[in-house]
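**Q** So here's target.cif, just mmCIF, C-alpha atoms:
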```cif
data_coords
loop_
_atom_site.label_atom_id
_atom_site.label_comp_id
_atom_site.auth_asym_id
_atom_site.auth_seq_id
_atom_site.Cartn_x
_atom_site.Cartn_y
_atom_site.Cartn_z
CA MET A 1 -28.62 182.63 -79.68
CA SER A 2 -26.24 179.74 -79.22
CA ASP A 3 -23.31 179.63 -81.63
CA THR A 4 -24.30 176.07 -82.50
CA GLN A 5 -27.71 176.89 -83.94
CA LEU A 6 -29.20 178.10 -87.18
CA THR A 7 -32.53 179.88 -86.85
CA VAL A 8 -34.75 180.11 -89.92
CA THR A 9 -37.74 182.47 -90.10
CA LEU A 10 -40.24 181.99 -92.94
CA ASP A 11 -42.69 184.74 -93.90
CA GLY A 12 -45.26 184.10 -96.63
CA GLY A 13 -46.42 181.05 -98.50
CA GLY A 14 -48.37 178.19 -96.99
CA ILE A 15 -47.60 175.36 -94.62
CA ASP A 16 -46.49 173.10 -97.49
CA ASP A 17 -44.03 175.78 -98.65
CA ALA A 18 -42.58 176.04 -95.14
CA ARG A 19 -42.24 172.27 -94.89
CA ALA A 20 -40.49 172.08 -98.29
CA ILE A 21 -37.98 174.74 -97.23
CA VAL A 22 -37.27 172.97 -93.94
CA ARG A 23 -36.86 169.64 -95.76
CA ALA A 24 -34.30 171.22 -98.10
CA LEU A 25 -32.26 172.43 -95.11
CA GLU A 26 -32.52 169.08 -93.31
CA GLY A 27 -30.38 167.58 -96.08
CA VAL A 28 -27.46 169.65 -94.81
CA PHE A 29 -28.27 170.34 -91.15
CA GLY A 30 -30.20 167.24 -90.07
CA SER A 31 -33.58 167.38 -88.38
CA SER A 32 -34.97 170.68 -87.18
CA ASP A 33 -36.62 171.27 -83.82
CA GLY A 34 -39.86 170.13 -85.48
CA PRO A 35 -41.65 170.56 -88.78
CA PRO A 36 -43.75 173.69 -89.29
CA ALA A 37 -47.22 172.70 -88.12
CA ASP A 38 -49.38 175.78 -87.58
CA GLU A 39 -51.43 176.13 -90.75
CA GLY A 40 -52.84 179.52 -89.67
CA ALA A 41 -49.48 181.17 -88.96
CA THR A 42 -48.10 183.84 -91.26
CA VAL A 43 -44.56 183.61 -89.86
CA ARG A 44 -42.96 180.28 -89.02
CA THR A 45 -39.60 179.41 -87.47
CA ALA A 46 -37.35 176.37 -87.37
CA THR A 47 -34.12 175.85 -85.48
CA PHE A 48 -31.31 173.51 -86.48
CA ASP A 49 -28.27 172.46 -84.49
CA SER A 50 -25.18 173.04 -86.59
CA PRO A 51 -23.36 169.75 -87.15
CA ASP A 52 -20.06 169.14 -85.37
CA THR A 53 -18.45 168.27 -88.69
CA PRO A 54 -17.73 170.94 -91.30
CA LEU A 55 -20.68 171.84 -93.50
CA PRO A 56 -20.43 170.94 -97.19
CA ALA A 57 -19.27 173.77 -99.42
CA LYS A 58 -22.05 173.20 -101.94
CA ALA A 59 -25.44 171.58 -101.85
CA PRO A 60 -26.43 169.35 -104.76
CA PRO A 61 -28.23 171.26 -107.54
CA ARG A 62 -31.98 170.85 -107.86
CA ALA A 63 -33.32 168.61 -110.55
CA ALA A 64 -35.84 169.88 -113.08
CA GLY A 65 -39.32 169.25 -111.75
CA ASP A 66 -37.99 168.58 -108.24
CA ALA A 67 -40.86 168.84 -105.75
CA LEU A 68 -38.64 170.84 -103.38
CA SER A 69 -38.36 173.64 -105.92
CA ALA A 70 -42.13 174.11 -106.28
CA LEU A 71 -43.50 176.84 -104.01
CA SER A 72 -47.09 178.10 -104.13
CA ALA A 73 -46.17 181.71 -103.28
CA PRO A 74 -43.11 183.86 -102.56
CA VAL A 75 -41.51 183.22 -99.17
CA THR A 76 -39.10 185.56 -97.39
CA VAL A 77 -36.54 183.49 -95.51
CA THR A 78 -34.22 184.91 -92.87
CA VAL A 79 -31.38 182.67 -91.71
CA GLN A 80 -29.35 183.58 -88.63
CA GLY A 81 -26.41 181.79 -87.04
CA THR A 82 -22.69 181.26 -87.42
CA PRO A 83 -21.22 182.60 -90.66
CA GLN A 84 -20.50 179.05 -91.89
CA ALA A 85 -24.06 177.85 -91.13
CA VAL A 86 -25.67 180.90 -92.76
CA GLU A 87 -23.57 180.48 -95.89
CA ALA A 88 -24.42 176.77 -96.10
CA ALA A 89 -28.14 177.49 -95.60
CA SER A 90 -28.12 180.28 -98.19
CA GLU A 91 -26.32 178.08 -100.72
CA THR A 92 -28.68 175.18 -100.05
CA LEU A 93 -31.80 177.32 -100.50
CA SER A 94 -30.43 179.03 -103.62
CA ARG A 95 -29.83 175.64 -105.21
CA ALA A 96 -33.17 174.13 -104.14
CA PHE A 97 -35.37 177.13 -105.08
CA THR A 98 -35.36 180.21 -107.24
CA ALA A 99 -33.89 182.74 -104.82
CA ARG A 100 -33.00 186.42 -104.66
CA ASP A 101 -30.52 187.61 -102.04
CA ASP A 102 -32.15 190.51 -100.19
CA GLY A 103 -29.17 191.39 -98.01
CA ALA A 104 -27.03 190.33 -95.10
CA ALA A 105 -25.83 191.67 -91.78
CA SER A 106 -22.83 190.51 -89.78
CA GLY A 107 -22.07 190.70 -86.08
CA ASP A 108 -19.09 189.61 -84.02
CA GLN A 109 -19.86 185.91 -84.13
CA GLU A 110 -23.05 185.55 -86.11
CA ARG A 111 -24.50 186.48 -89.44
CA GLU A 112 -28.00 187.06 -90.81
CA ARG A 113 -29.12 186.80 -94.42
CA GLN A 114 -32.48 187.35 -96.03
CA LEU A 115 -33.57 185.57 -99.21
CA LEU A 116 -36.75 185.81 -101.24
CA LEU A 117 -37.75 182.41 -102.62
CA VAL A 118 -40.21 182.55 -105.51
CA PRO A 119 -42.33 179.92 -107.29
#
```
Kindly present the structure from the file in structure tokens form.
**A**
Amino acid sequence: MSDTQLTVTLDGGGIDDARAIVRALEGVFGSSDGPPADEGATVRTATFDSPDTPLPAKAPPRAAGDALSALSAPVTVTVQGTPQAVEAASETLSRAFTARDDGAASGDQERERQLLLVP
């Protein structure tokens, strides 16, 4: 994996859930490599290039009734990339959805974190 990318793996939920999660991350990371499109898939991935400028420390909080925060089913999200990108993605998802941190692993130059997002 390139040190300039964030890879997001989504397991569970439907295509609309995957698209909502990717949209939430696009607010911080810009466009992904493409929106999730395979309606029959059970696991979906998206890749983001980390911006050249520093990532914001905090994402804006979700508003009550925000469409981004409405999932149809639980989704396990694994984010992998540079420590700064993983922290920004985790913070963004935790503010946009109801999230439970299911653990993290760190390597020399990259980090991985797993979150469970629930409706």
**Q** Select, counting only C-alpha atoms, all protein, DNA and RNA residues no farther than 12 Å from (-42.1, 180.0, -99.5) in file coordinates, and express the selection as a PyMOL selection string.
**A** chain A and resi 9-22+24+42-44+68-78+93+96-99+115-119
**Q** Could you state which residues are captured by the PyMOL selection byres ((chain A and resi 81) around 7) in this file, as a PyMOL selection string?
**A** chain A and resi 3+5-7+79-80+82-83+85-86+110-112
**Q** List the neighbours of Asp33 (chain A) out to 12 Å using only C-alpha atoms; skip same-chain residues closer than 4 positions along the sequence, and give me the result as a VMD selection string.
**A** chain A and resid 5 to 8 22 26 29 37 45 to 50
**Q** Using the selection just defined, write its residues with C-alpha atoms as a compact mmCIF listing (two decimals), in the coordinates of the input.
**A**
```txt
# COMPACT_ATOMS: atom_id res chain seq x y z
CA GLN A 5 -27.71 176.89 -83.94
CA LEU A 6 -29.20 178.10 -87.18
CA THR A 7 -32.53 179.88 -86.85
CA VAL A 8 -34.75 180.11 -89.92
CA VAL A 22 -37.27 172.97 -93.94
CA GLU A 26 -32.52 169.08 -93.31
CA PHE A 29 -28.27 170.34 -91.15
CA ALA A 37 -47.22 172.70 -88.12
CA THR A 45 -39.60 179.41 -87.47
CA ALA A 46 -37.35 176.37 -87.37
CA THR A 47 -34.12 175.85 -85.48
CA PHE A 48 -31.31 173.51 -86.48
CA ASP A 49 -28.27 172.46 -84.49
CA SER A 50 -25.18 173.04 -86.59
```
**Q** If I take CA of Gln114 (chain A) and CA of Arg100 (chain A), how far is one from the other in Å, to one decimal?
**A**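 Pair CA of Gln114 (chain A) / CA of Arg100 (chain A) returns 8.7 Å.
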**Q** Between CA of Gln109 (chain A) and CA of Ser32 (chain A), what distance in Å does the model show, to one decimal?
**A** 21.7 Å
